[in-house]
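Below is work.pdb, holding PDB, C-alpha atoms.
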```pdb
MODEL        1
ATOM      1  CA  MET A 281       0.000   0.000   0.000
ATOM      2  CA  SER A 282       1.260   3.442  -0.901
ATOM      3  CA  LYS A 283       2.080   6.031   1.742
ATOM      4  CA  LEU A 284      -0.904   8.121   0.622
ATOM      5  CA  GLY A 285      -3.180   5.079   0.940
ATOM      6  CA  LYS A 286      -1.963   4.445   4.500
ATOM      7  CA  ILE A 287      -2.616   8.081   5.422
ATOM      8  CA  ALA A 288      -6.127   7.905   3.934
ATOM      9  CA  LEU A 289      -6.852   4.634   5.773
ATOM     10  CA  GLY A 290      -5.550   6.125   9.020
ATOM     11  CA  ALA A 291      -7.720   9.207   8.580
ATOM     12  CA  VAL A 292     -10.812   7.035   8.052
ATOM     13  CA  ALA A 293      -9.958   4.977  11.160
ATOM     14  CA  VAL A 294      -9.509   8.126  13.247
ATOM     15  CA  GLY A 295     -12.817   9.492  11.906
ATOM     16  CA  ILE A 296     -14.700   6.297  12.833
ATOM     17  CA  THR A 297     -13.113   6.274  16.296
ATOM     18  CA  LEU A 298     -14.080   9.902  16.894
ATOM     19  CA  ALA A 299     -17.624   9.267  15.668
ATOM     20  CA  LEU A 300     -18.014   6.310  18.052
ATOM     21  CA  LEU A 301     -16.539   8.357  20.895
ATOM     22  CA  HIS A 302     -18.946  11.223  20.176
ATOM     23  CA  GLY A 303     -21.876   8.795  20.043
ATOM     24  CA  TRP A 304     -20.828   7.220  23.327
ATOM     25  CA  LEU A 305     -20.111  10.405  25.270
ATOM     26  CA  ASN A 306     -22.742  12.750  23.867
ATOM     27  CA  LEU A 307     -25.541  10.792  22.278
ATOM     28  CA  GLY A 308     -25.997   7.824  24.588
ATOM     29  CA  TYR A 309     -24.943   5.095  22.094
ATOM     30  CA  ASP A 310     -22.934   2.166  23.349
ATOM     31  CA  PRO A 311     -20.021   1.508  20.856
ATOM     32  CA  ALA A 312     -19.929  -2.164  21.827
ATOM     33  CA  ARG A 313     -23.582  -2.465  20.853
ATOM     34  CA  VAL A 314     -23.165  -0.456  17.625
ATOM     35  CA  LEU A 315     -20.282  -2.747  16.555
ATOM     36  CA  GLY A 316     -22.312  -5.841  17.422
ATOM     37  CA  PHE A 317     -20.148  -7.033  20.337
ATOM     38  CA  LYS A 318     -23.087  -6.799  22.753
ATOM     39  CA  LYS A 319     -26.650  -7.892  22.050
ATOM     40  CA  GLY A 320     -29.508  -5.625  23.208
ATOM     41  CA  LYS A 321     -32.550  -6.728  25.165
ATOM     42  CA  ALA A 322     -35.950  -5.424  24.120
ATOM     43  CA  VAL A 323     -37.078  -4.463  27.611
ATOM     44  CA  ALA A 324     -37.956  -1.089  29.080
ATOM     45  CA  GLU A 325     -34.898  -0.979  31.320
ATOM     46  CA  GLU A 326     -32.602  -0.996  28.279
ATOM     47  CA  THR A 327     -34.175   2.058  26.637
ATOM     48  CA  ARG A 328     -31.951   5.150  26.742
ATOM     49  CA  PHE A 329     -34.445   7.926  27.212
ATOM     50  CA  ARG A 330     -33.741  11.274  28.884
ATOM     51  CA  VAL A 331     -36.406  12.007  31.499
ATOM     52  CA  GLY A 332     -36.145  15.146  33.627
ATOM     53  CA  PHE A 333     -37.051  15.176  37.292
ATOM     54  CA  LEU A 334     -36.678  17.250  40.416
ATOM     55  CA  PRO A 335     -35.713  15.283  43.535
ATOM     56  CA  VAL A 336     -39.234  15.471  44.923
ATOM     57  CA  THR A 337     -41.578  12.545  45.498
TER      58      THR A 337
ATOM     59  CA  MET B  64     -31.689  13.698  34.483
ATOM     60  CA  ARG B  65     -31.837  15.578  37.743
ATOM     61  CA  PHE B  66     -32.721  19.292  37.929
ATOM     62  CA  ASN B  67     -32.941  21.690  40.859
ATOM     63  CA  GLY B  68     -35.746  23.940  39.680
ATOM     64  CA  PHE B  69     -38.839  23.763  37.503
ATOM     65  CA  PRO B  70     -37.919  26.765  35.298
ATOM     66  CA  GLU B  71     -34.830  24.865  34.076
ATOM     67  CA  ILE B  72     -36.933  21.778  33.367
ATOM     68  CA  LYS B  73     -39.387  23.938  31.422
ATOM     69  CA  GLU B  74     -36.623  25.481  29.297
ATOM     70  CA  SER B  75     -35.052  22.072  28.577
ATOM     71  CA  LEU B  76     -38.407  20.739  27.461
ATOM     72  CA  ILE B  77     -39.115  23.724  25.203
ATOM     73  CA  ALA B  78     -35.610  23.476  23.702
ATOM     74  CA  GLY B  79     -36.254  19.821  22.819
ATOM     75  CA  TYR B  80     -33.402  18.619  25.031
ATOM     76  CA  LEU B  81     -35.814  16.605  27.165
ATOM     77  CA  PRO B  82     -38.205  14.322  25.267
ATOM     78  CA  ALA B  83     -39.995  13.660  28.564
ATOM     79  CA  THR B  84     -40.040  15.056  32.053
ATOM     80  CA  PHE B  85     -41.897  15.175  35.328
ATOM     81  CA  MET B  86     -43.253  18.671  35.920
ATOM     82  CA  LEU B  87     -45.949  20.611  37.740
ATOM     83  CA  ALA B  88     -49.400  19.965  36.280
ATOM     84  CA  PRO B  89     -50.488  23.632  35.914
ATOM     85  CA  MET B  90     -47.106  24.482  34.369
ATOM     86  CA  ALA B  91     -47.648  21.778  31.735
ATOM     87  CA  MET B  92     -51.145  23.126  31.029
ATOM     88  CA  ALA B  93     -49.843  26.693  30.739
ATOM     89  CA  LEU B  94     -47.107  25.587  28.336
ATOM     90  CA  ARG B  95     -49.706  23.824  26.220
ATOM     91  CA  GLU B  96     -51.859  26.952  26.304
ATOM     92  CA  GLN B  97     -48.869  28.901  24.982
ATOM     93  CA  GLY B  98     -48.576  26.470  22.074
ATOM     94  CA  VAL B  99     -45.686  24.283  23.243
ATOM     95  CA  PRO B 100     -46.231  20.838  21.593
ATOM     96  CA  ILE B 101     -46.379  18.594  24.678
ATOM     97  CA  LYS B 102     -48.932  16.311  26.326
ATOM     98  CA  ILE B 103     -49.510  15.035  29.849
ATOM     99  CA  VAL B 104     -49.501  11.230  29.636
ATOM    100  CA  TYR B 105     -49.416   9.958  33.244
ATOM    101  CA  LEU B 106     -49.129  11.001  36.889
ATOM    102  CA  GLY B 107     -45.965  10.781  38.986
ATOM    103  CA  HIS B 108     -47.698  10.276  42.343
ATOM    104  CA  ARG B 109     -50.616  11.511  44.421
ATOM    105  CA  ASP B 110     -50.588  13.604  47.609
ATOM    106  CA  GLY B 111     -47.000  14.101  48.897
ATOM    107  CA  THR B 112     -47.336  17.837  49.576
ATOM    108  CA  ALA B 113     -47.561  19.699  52.875
ATOM    109  CA  LEU B 114     -47.469  23.255  54.163
ATOM    110  CA  MET B 115     -44.908  23.653  56.947
ATOM    111  CA  VAL B 116     -44.494  26.400  59.516
ATOM    112  CA  HIS B 117     -41.769  26.914  62.086
ATOM    113  CA  LYS B 118     -42.212  24.698  65.148
ATOM    114  CA  GLY B 119     -42.448  27.678  67.517
ATOM    115  CA  SER B 120     -44.605  29.727  65.131
ATOM    116  CA  ASP B 121     -47.888  31.279  66.254
ATOM    117  CA  ILE B 122     -49.503  30.002  63.027
ATOM    118  CA  LEU B 123     -51.891  27.336  64.251
ATOM    119  CA  THR B 124     -54.655  27.520  61.648
ATOM    120  CA  ILE B 125     -54.910  28.513  57.996
ATOM    121  CA  ARG B 126     -56.481  31.833  59.096
ATOM    122  CA  ASP B 127     -53.234  32.635  60.922
ATOM    123  CA  LEU B 128     -51.456  32.797  57.542
ATOM    124  CA  ARG B 129     -52.981  36.257  56.981
ATOM    125  CA  GLY B 130     -50.170  38.741  56.311
ATOM    126  CA  LYS B 131     -47.497  36.018  56.478
ATOM    127  CA  ARG B 132     -44.815  35.257  53.911
ATOM    128  CA  VAL B 133     -45.387  31.884  52.224
ATOM    129  CA  ALA B 134     -42.922  30.209  49.813
ATOM    130  CA  VAL B 135     -44.337  28.225  46.884
ATOM    131  CA  PRO B 136     -42.309  26.391  44.189
ATOM    132  CA  ASN B 137     -43.793  28.422  41.388
ATOM    133  CA  ARG B 138     -46.893  30.369  40.420
ATOM    134  CA  PHE B 139     -47.568  27.508  38.005
ATOM    135  CA  SER B 140     -47.544  24.877  40.743
ATOM    136  CA  ASN B 141     -50.389  22.878  42.226
ATOM    137  CA  GLN B 142     -49.102  23.922  45.647
ATOM    138  CA  TYR B 143     -50.055  27.495  44.680
ATOM    139  CA  LEU B 144     -53.536  26.280  43.734
ATOM    140  CA  LEU B 145     -53.732  24.179  46.895
ATOM    141  CA  LEU B 146     -53.007  27.274  48.970
ATOM    142  CA  LEU B 147     -55.688  29.164  47.040
ATOM    143  CA  LYS B 148     -58.147  26.370  47.820
ATOM    144  CA  ALA B 149     -57.191  26.321  51.504
ATOM    145  CA  LEU B 150     -57.475  30.109  51.818
ATOM    146  CA  SER B 151     -60.787  30.192  49.913
ATOM    147  CA  ALA B 152     -62.272  27.685  52.357
ATOM    148  CA  GLU B 153     -61.494  30.202  55.138
ATOM    149  CA  GLY B 154     -62.931  33.149  53.201
ATOM    150  CA  MET B 155     -59.486  34.483  52.310
ATOM    151  CA  THR B 156     -57.727  35.142  48.999
ATOM    152  CA  LEU B 157     -54.127  34.946  47.779
ATOM    153  CA  LYS B 158     -53.871  38.687  48.454
ATOM    154  CA  ASP B 159     -54.124  37.942  52.174
ATOM    155  CA  VAL B 160     -50.658  36.352  52.155
ATOM    156  CA  GLU B 161     -47.291  37.462  50.790
ATOM    157  CA  MET B 162     -46.275  34.883  48.211
ATOM    158  CA  VAL B 163     -42.656  34.245  47.229
ATOM    159  CA  GLU B 164     -41.444  31.799  44.588
ATOM    160  CA  MET B 165     -38.569  29.557  45.657
ATOM    161  CA  PRO B 166     -36.938  26.325  44.382
ATOM    162  CA  PRO B 167     -38.067  23.508  46.714
ATOM    163  CA  PRO B 168     -34.483  22.505  47.720
ATOM    164  CA  ASP B 169     -33.992  26.042  49.172
ATOM    165  CA  MET B 170     -37.153  25.984  51.271
ATOM    166  CA  PRO B 171     -35.985  24.134  54.428
ATOM    167  CA  ALA B 172     -33.119  26.608  54.997
ATOM    168  CA  SER B 173     -35.483  29.552  54.473
ATOM    169  CA  LEU B 174     -37.896  28.235  57.065
ATOM    170  CA  TYR B 175     -35.062  27.457  59.487
ATOM    171  CA  SER B 176     -33.680  31.004  59.198
ATOM    172  CA  LYS B 177     -37.233  32.395  59.399
ATOM    173  CA  ALA B 178     -36.770  34.194  56.100
ATOM    174  CA  VAL B 179     -40.298  32.987  55.374
ATOM    175  CA  ASP B 180     -43.163  32.061  57.714
ATOM    176  CA  ALA B 181     -44.355  29.010  55.804
ATOM    177  CA  ILE B 182     -43.221  26.776  52.949
ATOM    178  CA  THR B 183     -45.102  24.416  50.689
ATOM    179  CA  SER B 184     -43.797  21.993  48.063
ATOM    180  CA  GLY B 185     -43.577  18.323  47.271
ATOM    181  CA  GLU B 186     -41.733  15.966  49.575
ATOM    182  CA  PRO B 187     -39.100  15.277  50.843
ATOM    183  CA  PHE B 188     -38.256  18.931  51.547
ATOM    184  CA  MET B 189     -41.238  19.390  53.856
ATOM    185  CA  ALA B 190     -40.464  16.237  55.839
ATOM    186  CA  GLN B 191     -36.837  17.364  56.150
ATOM    187  CA  THR B 192     -37.904  20.289  58.356
ATOM    188  CA  GLU B 193     -40.000  17.937  60.488
ATOM    189  CA  MET B 194     -37.247  15.340  60.786
ATOM    190  CA  ASP B 195     -34.655  17.983  61.684
ATOM    191  CA  GLY B 196     -36.931  19.262  64.442
ATOM    192  CA  TYR B 197     -37.830  22.806  63.362
ATOM    193  CA  GLY B 198     -40.841  22.288  61.081
ATOM    194  CA  ARG B 199     -44.463  21.571  61.908
ATOM    195  CA  VAL B 200     -47.182  20.440  59.504
ATOM    196  CA  LEU B 201     -49.989  22.993  59.159
ATOM    197  CA  TYR B 202     -51.764  20.871  56.585
ATOM    198  CA  GLN B 203     -51.160  17.885  54.366
ATOM    199  CA  ALA B 204     -52.460  18.152  50.792
ATOM    200  CA  LYS B 205     -54.859  15.257  51.332
ATOM    201  CA  ASP B 206     -56.578  17.231  54.133
ATOM    202  CA  ILE B 207     -57.440  20.066  51.739
ATOM    203  CA  TRP B 208     -57.575  18.351  48.351
ATOM    204  CA  PRO B 209     -58.067  14.551  48.429
ATOM    205  CA  ASN B 210     -56.184  12.682  45.669
ATOM    206  CA  PHE B 211     -53.981  15.730  45.129
ATOM    207  CA  ILE B 212     -51.900  15.753  41.935
ATOM    208  CA  SER B 213     -48.556  17.550  41.918
ATOM    209  CA  CYS B 214     -46.139  16.290  39.274
ATOM    210  CA  VAL B 215     -47.202  14.744  35.999
ATOM    211  CA  LEU B 216     -45.287  12.992  33.231
ATOM    212  CA  VAL B 217     -45.079  15.274  30.200
ATOM    213  CA  VAL B 218     -43.857  14.086  26.791
ATOM    214  CA  SER B 219     -43.146  16.110  23.662
ATOM    215  CA  GLN B 220     -45.604  15.626  20.797
ATOM    216  CA  GLN B 221     -42.684  14.728  18.526
ATOM    217  CA  THR B 222     -41.739  11.832  20.817
ATOM    218  CA  ILE B 223     -45.360  10.674  21.011
ATOM    219  CA  ASP B 224     -45.646  10.704  17.215
ATOM    220  CA  GLN B 225     -42.253   9.171  16.432
ATOM    221  CA  HIS B 226     -41.704   6.772  19.342
ATOM    222  CA  PRO B 227     -45.044   5.875  20.928
ATOM    223  CA  GLN B 228     -43.563   2.545  22.053
ATOM    224  CA  TRP B 229     -40.956   4.394  24.165
ATOM    225  CA  VAL B 230     -43.674   6.434  25.830
ATOM    226  CA  GLN B 231     -45.724   3.309  26.518
ATOM    227  CA  GLN B 232     -42.694   1.534  28.022
ATOM    228  CA  LEU B 233     -42.044   4.509  30.273
ATOM    229  CA  VAL B 234     -45.676   4.744  31.394
ATOM    230  CA  ASP B 235     -45.883   0.983  31.944
ATOM    231  CA  GLY B 236     -42.694   1.143  34.006
ATOM    232  CA  ILE B 237     -44.075   3.905  36.241
ATOM    233  CA  ALA B 238     -47.356   2.014  36.670
ATOM    234  CA  LYS B 239     -45.572  -1.226  37.597
ATOM    235  CA  SER B 240     -43.155   0.592  39.940
ATOM    236  CA  GLY B 241     -46.079   2.329  41.627
ATOM    237  CA  MET B 242     -47.873  -0.949  42.192
ATOM    238  CA  TRP B 243     -44.695  -2.485  43.546
ATOM    239  CA  LEU B 244     -44.251   0.453  45.936
ATOM    240  CA  GLU B 245     -47.776  -0.007  47.257
ATOM    241  CA  GLY B 246     -47.011  -3.697  47.847
ATOM    242  CA  GLY B 247     -45.800  -3.233  51.415
ATOM    243  CA  MET B 248     -43.629  -1.160  53.723
ATOM    244  CA  ASP B 249     -40.571  -3.335  52.969
ATOM    245  CA  HIS B 250     -40.894  -2.319  49.314
ATOM    246  CA  ARG B 251     -41.120   1.349  50.273
ATOM    247  CA  MET B 252     -38.020   1.120  52.438
ATOM    248  CA  ALA B 253     -36.035  -0.669  49.704
ATOM    249  CA  ALA B 254     -37.066   2.023  47.215
ATOM    250  CA  ALA B 255     -36.228   4.816  49.666
ATOM    251  CA  HIS B 256     -32.683   3.502  50.005
ATOM    252  CA  ALA B 257     -32.131   2.875  46.278
ATOM    253  CA  VAL B 258     -33.576   6.224  45.154
ATOM    254  CA  ALA B 259     -31.921   8.317  47.860
ATOM    255  CA  THR B 260     -28.453   6.928  47.202
ATOM    256  CA  GLY B 261     -28.705   6.256  43.460
ATOM    257  CA  TYR B 262     -30.745   9.176  42.135
ATOM    258  CA  TYR B 263     -31.614  11.919  44.654
ATOM    259  CA  ASN B 264     -28.285  12.043  46.513
ATOM    260  CA  GLN B 265     -30.172  12.513  49.781
ATOM    261  CA  ASP B 266     -30.081  10.907  53.214
ATOM    262  CA  PRO B 267     -31.930   7.548  52.879
ATOM    263  CA  ARG B 268     -33.465   8.177  56.332
ATOM    264  CA  LEU B 269     -35.285  11.185  54.891
ATOM    265  CA  LEU B 270     -37.005   9.246  52.109
ATOM    266  CA  SER B 271     -37.750   6.416  54.547
ATOM    267  CA  PHE B 272     -39.444   9.033  56.768
ATOM    268  CA  VAL B 273     -41.428  10.449  53.830
ATOM    269  CA  LEU B 274     -42.605   7.041  52.650
ATOM    270  CA  SER B 275     -43.672   5.825  56.074
ATOM    271  CA  LYS B 276     -44.797   8.683  58.354
ATOM    272  CA  PRO B 277     -47.660   8.322  57.706
ATOM    273  CA  PRO B 278     -47.676   5.562  55.053
ATOM    274  CA  ASP B 279     -50.198   7.481  52.930
ATOM    275  CA  ARG B 280     -48.125  10.689  52.942
ATOM    276  CA  VAL B 281     -47.302   9.945  49.289
ATOM    277  CA  ARG B 282     -49.269   7.476  47.198
ATOM    278  CA  TYR B 283     -48.244   5.745  43.994
ATOM    279  CA  ASN B 284     -51.564   4.243  42.933
ATOM    280  CA  LYS B 285     -54.407   5.694  40.851
ATOM    281  CA  LEU B 286     -51.885   7.256  38.493
ATOM    282  CA  ARG B 287     -54.048   6.992  35.369
ATOM    283  CA  LEU B 288     -55.274  10.293  33.953
ATOM    284  CA  ALA B 289     -58.712  11.157  35.317
ATOM    285  CA  ARG B 290     -60.552  13.871  33.421
ATOM    286  CA  ASP B 291     -62.385  15.197  36.510
ATOM    287  CA  ASP B 292     -59.126  15.666  38.465
ATOM    288  CA  PHE B 293     -57.641  17.728  35.674
ATOM    289  CA  GLN B 294     -60.834  19.700  35.203
ATOM    290  CA  GLN B 295     -60.558  20.752  38.836
ATOM    291  CA  ILE B 296     -56.932  21.842  38.335
ATOM    292  CA  ALA B 297     -57.796  23.715  35.124
ATOM    293  CA  ASP B 298     -60.725  25.538  36.786
ATOM    294  CA  LEU B 299     -58.616  26.594  39.777
ATOM    295  CA  ALA B 300     -55.716  27.606  37.514
ATOM    296  CA  PHE B 301     -58.086  29.792  35.509
ATOM    297  CA  LYS B 302     -59.470  31.316  38.713
ATOM    298  CA  ALA B 303     -55.910  32.037  39.910
ATOM    299  CA  GLY B 304     -54.961  33.597  36.562
ATOM    300  CA  VAL B 305     -52.407  30.879  35.814
ATOM    301  CA  LEU B 306     -54.396  29.899  32.706
ATOM    302  CA  LYS B 307     -55.925  32.579  30.507
ATOM    303  CA  ARG B 308     -58.827  30.457  29.257
ATOM    304  CA  HIS B 309     -60.722  27.267  30.082
ATOM    305  CA  MET B 310     -58.827  24.419  28.432
ATOM    306  CA  LYS B 311     -60.282  21.131  27.267
ATOM    307  CA  PHE B 312     -58.760  17.899  28.619
ATOM    308  CA  GLU B 313     -57.806  16.740  25.102
ATOM    309  CA  GLU B 314     -55.774  19.899  24.522
ATOM    310  CA  TYR B 315     -53.159  19.103  27.168
ATOM    311  CA  ALA B 316     -53.553  15.365  27.873
ATOM    312  CA  ASP B 317     -53.130  12.171  25.859
ATOM    313  CA  PRO B 318     -54.740   9.378  27.913
ATOM    314  CA  ARG B 319     -53.997   6.539  25.438
ATOM    315  CA  PHE B 320     -50.804   5.421  27.198
ATOM    316  CA  SER B 321     -52.425   5.707  30.581
ATOM    317  CA  GLU B 322     -55.399   3.560  29.519
ATOM    318  CA  HIS B 323     -53.024   0.841  28.293
ATOM    319  CA  THR B 324     -51.799   0.308  31.858
ATOM    320  CA  ALA B 325     -55.194  -1.134  32.873
ATOM    321  CA  GLY B 326     -54.603  -4.637  34.175
ATOM    322  CA  ALA B 327     -50.843  -4.115  34.558
ATOM    323  CA  THR B 328     -49.184  -6.038  37.357
ATOM    324  CA  GLU B 329     -46.408  -4.935  39.690
ATOM    325  CA  TYR B 330     -42.719  -5.603  38.989
ATOM    326  CA  ALA B 331     -41.479  -8.934  40.292
ATOM    327  CA  TRP B 332     -38.555  -7.196  41.999
ATOM    328  CA  SER B 333     -36.822  -7.629  45.286
ATOM    329  CA  GLY B 334     -35.935  -3.947  44.885
ATOM    330  CA  PRO B 335     -35.106  -1.331  42.280
ATOM    331  CA  ALA B 336     -31.633  -1.489  40.718
ATOM    332  CA  LYS B 337     -29.061   1.232  41.129
ATOM    333  CA  PRO B 338     -28.527   3.430  38.047
ATOM    334  CA  GLN B 339     -25.781   2.472  35.618
ATOM    335  CA  GLY B 340     -23.133   4.922  34.575
TER     336      GLY B 340
ENDMDL
END
```
Entire entry expressed as structure tokens:
Amino acid sequence: MSKLGKIALGAVAVGITLALLHGWLNLGYDPARVLGFKKGKAVAEETRFRVGFLPVT
Amino acid sequence: MRFNGFPEIKESLIAGYLPATFMLAPMAMALREQGVPIKIVYLGHRDGTALMVHKGSDILTIRDLRGKRVAVPNRFSNQYLLLLKALSAEGMTLKDVEMVEMPPPDMPASLYSKAVDAITSGEPFMAQTEMDGYGRVLYQAKDIWPNFISCVLVVSQQTIDQHPQWVQQLVDGIAKSGMWLEGGMDHRMAAAHAVATGYYNQDPRLLSFVLSKPPDRVRYNKLRLARDDFQQIADLAFKAGVLKRHMKFEEYADPRFSEHTAGATEYAWSGPAKPQG
């Protein structure tokens, strides 16, 4: 592979890594689940859903 | 996602940051009146509100509140309407008291320092003053307004339209949790510990106090949307000037998710799990 090809491949890899990191830190996605390393369960407890509350009963 | 004041919750909801939130019922109605695309889909709890005065205060009856400074969470709160109802029953109006708006977490310190004469909000901030020995209950919500509604679950119309299954899962979860909580004092104590340490960052003894003294201080049953309950809130809110017109139930509520919880059974838990992350 040419030097330019390696640079392009590296840039793509860095881009994917950053996208996964952004998804994980900011959007609530689990990279392991996105990449298929972890299987999801279709139950309510697994839903990532922002719900606001005040600490009052 | 924990907040410390209702105005911040309101702004986050309007901005679309929160697809769903617990908020004060009249505030949700007022937002809907102003055209914000949201709907009330379920209740958070019933009762769970008190009006507290200082232990050594000369306020012994509701009539004694005349000319006193009373802290409420917000003008758009049911506690504000509850006070209106309590005063009306004694032939008084809101003009007979000096009202100040204050975030509920700040209320115990204000009562302790006597910056205000009385405070009213949802628990556990009222019970905190009682447990720490300087607060006295003047009235519990259930004494003035049986089956009192404070916080309701509000969901954005976009979420309802695009992800109705998420909303149903959330509503089902609240219904099942509520039934589990009403399943015995051991359940309430387990929940008090898990919620205080995992979500509220409060002393577990405080939530244990709230959920047990007396056991019906806060109730987690009858959480389905009842048209008559909301009609009462809407009428009082209009009378208090919180709403500018009489609103129809369908304008601010979507009871479909609530009706689906009929026949639901409680969670088969030994106790709620701690939050992840």
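Across A:Leu289, A:Leu305, A:Leu334, A:Met281, the tightest approach to chain B is made by A:Leu334 when counting only C-alpha atoms.
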Near chain A, which residues of chain B fall within 6 Å when you count all atoms listed in the file, and what do they look like as a compact mmCIF listing (two decimals) with C-alpha atoms, in the coordinates of the input?
```
# COMPACT_ATOMS: atom_id res chain seq x y z
CA MET B 64 -31.69 13.70 34.48
CA ARG B 65 -31.84 15.58 37.74
CA PHE B 66 -32.72 19.29 37.93
CA ASN B 67 -32.94 21.69 40.86
CA LEU B 81 -35.81 16.60 27.16
CA ALA B 83 -39.99 13.66 28.56
CA THR B 84 -40.04 15.06 32.05
CA PHE B 85 -41.90 15.18 35.33
CA GLY B 185 -43.58 18.32 47.27
CA GLU B 186 -41.73 15.97 49.58
CA PRO B 187 -39.10 15.28 50.84
CA GLN B 232 -42.69 1.53 28.02
CA TYR B 263 -31.61 11.92 44.65
```
Separation of CA of Asp195 (chain B) from CA of Asp127 (chain B), in Å and rounded to one decimal:
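According to the coordinates, CA of Asp195 (chain B) and CA of Asp127 (chain B) are separated by 23.7 Å.
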What is the CA of Arg290 (chain B)-CA of Leu106 (chain B) distance in Å, reported with one decimal?
12.3 Å
Please, what distance in Å, to one decimal, runs between CA of Leu94 (chain B) and CA of Gly68 (chain B)?
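We find that CA of Leu94 (chain B) and CA of Gly68 (chain B) lie 16.1 Å from each other.
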Determine, counting all atoms listed in the file, every residue of protein, DNA or RNA that lies within 9 Å of (-57.9, 24.5, 52.8) in the file coordinates, then give the result as a list in words.
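Output: Ile125, Leu145, Leu146, Leu147, Lys148, Ala149, Leu150, Ser151, Ala152, Glu153, Tyr202, Ala204, Asp206, Ile207 and Trp208 of chain B.
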Take every atom of region 254-271 of chain B listed in the file, fit an axis-aligned box around them, add 5 Å per side, and give the centre and edge lengths in Å to one decimal as lines of an AutoDock Vina configuration file.
```
center_x = -33.0
center_y = 7.3
center_z = 49.2
size_x = 19.5
size_y = 20.5
size_z = 24.2
```
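Between Glu314 (chain B) and the residues B:Ser271, B:Thr112, B:Gln225, B:Gln220, the shortest atom-to-atom distance, using all atoms listed in the file, involves B:Gln220.
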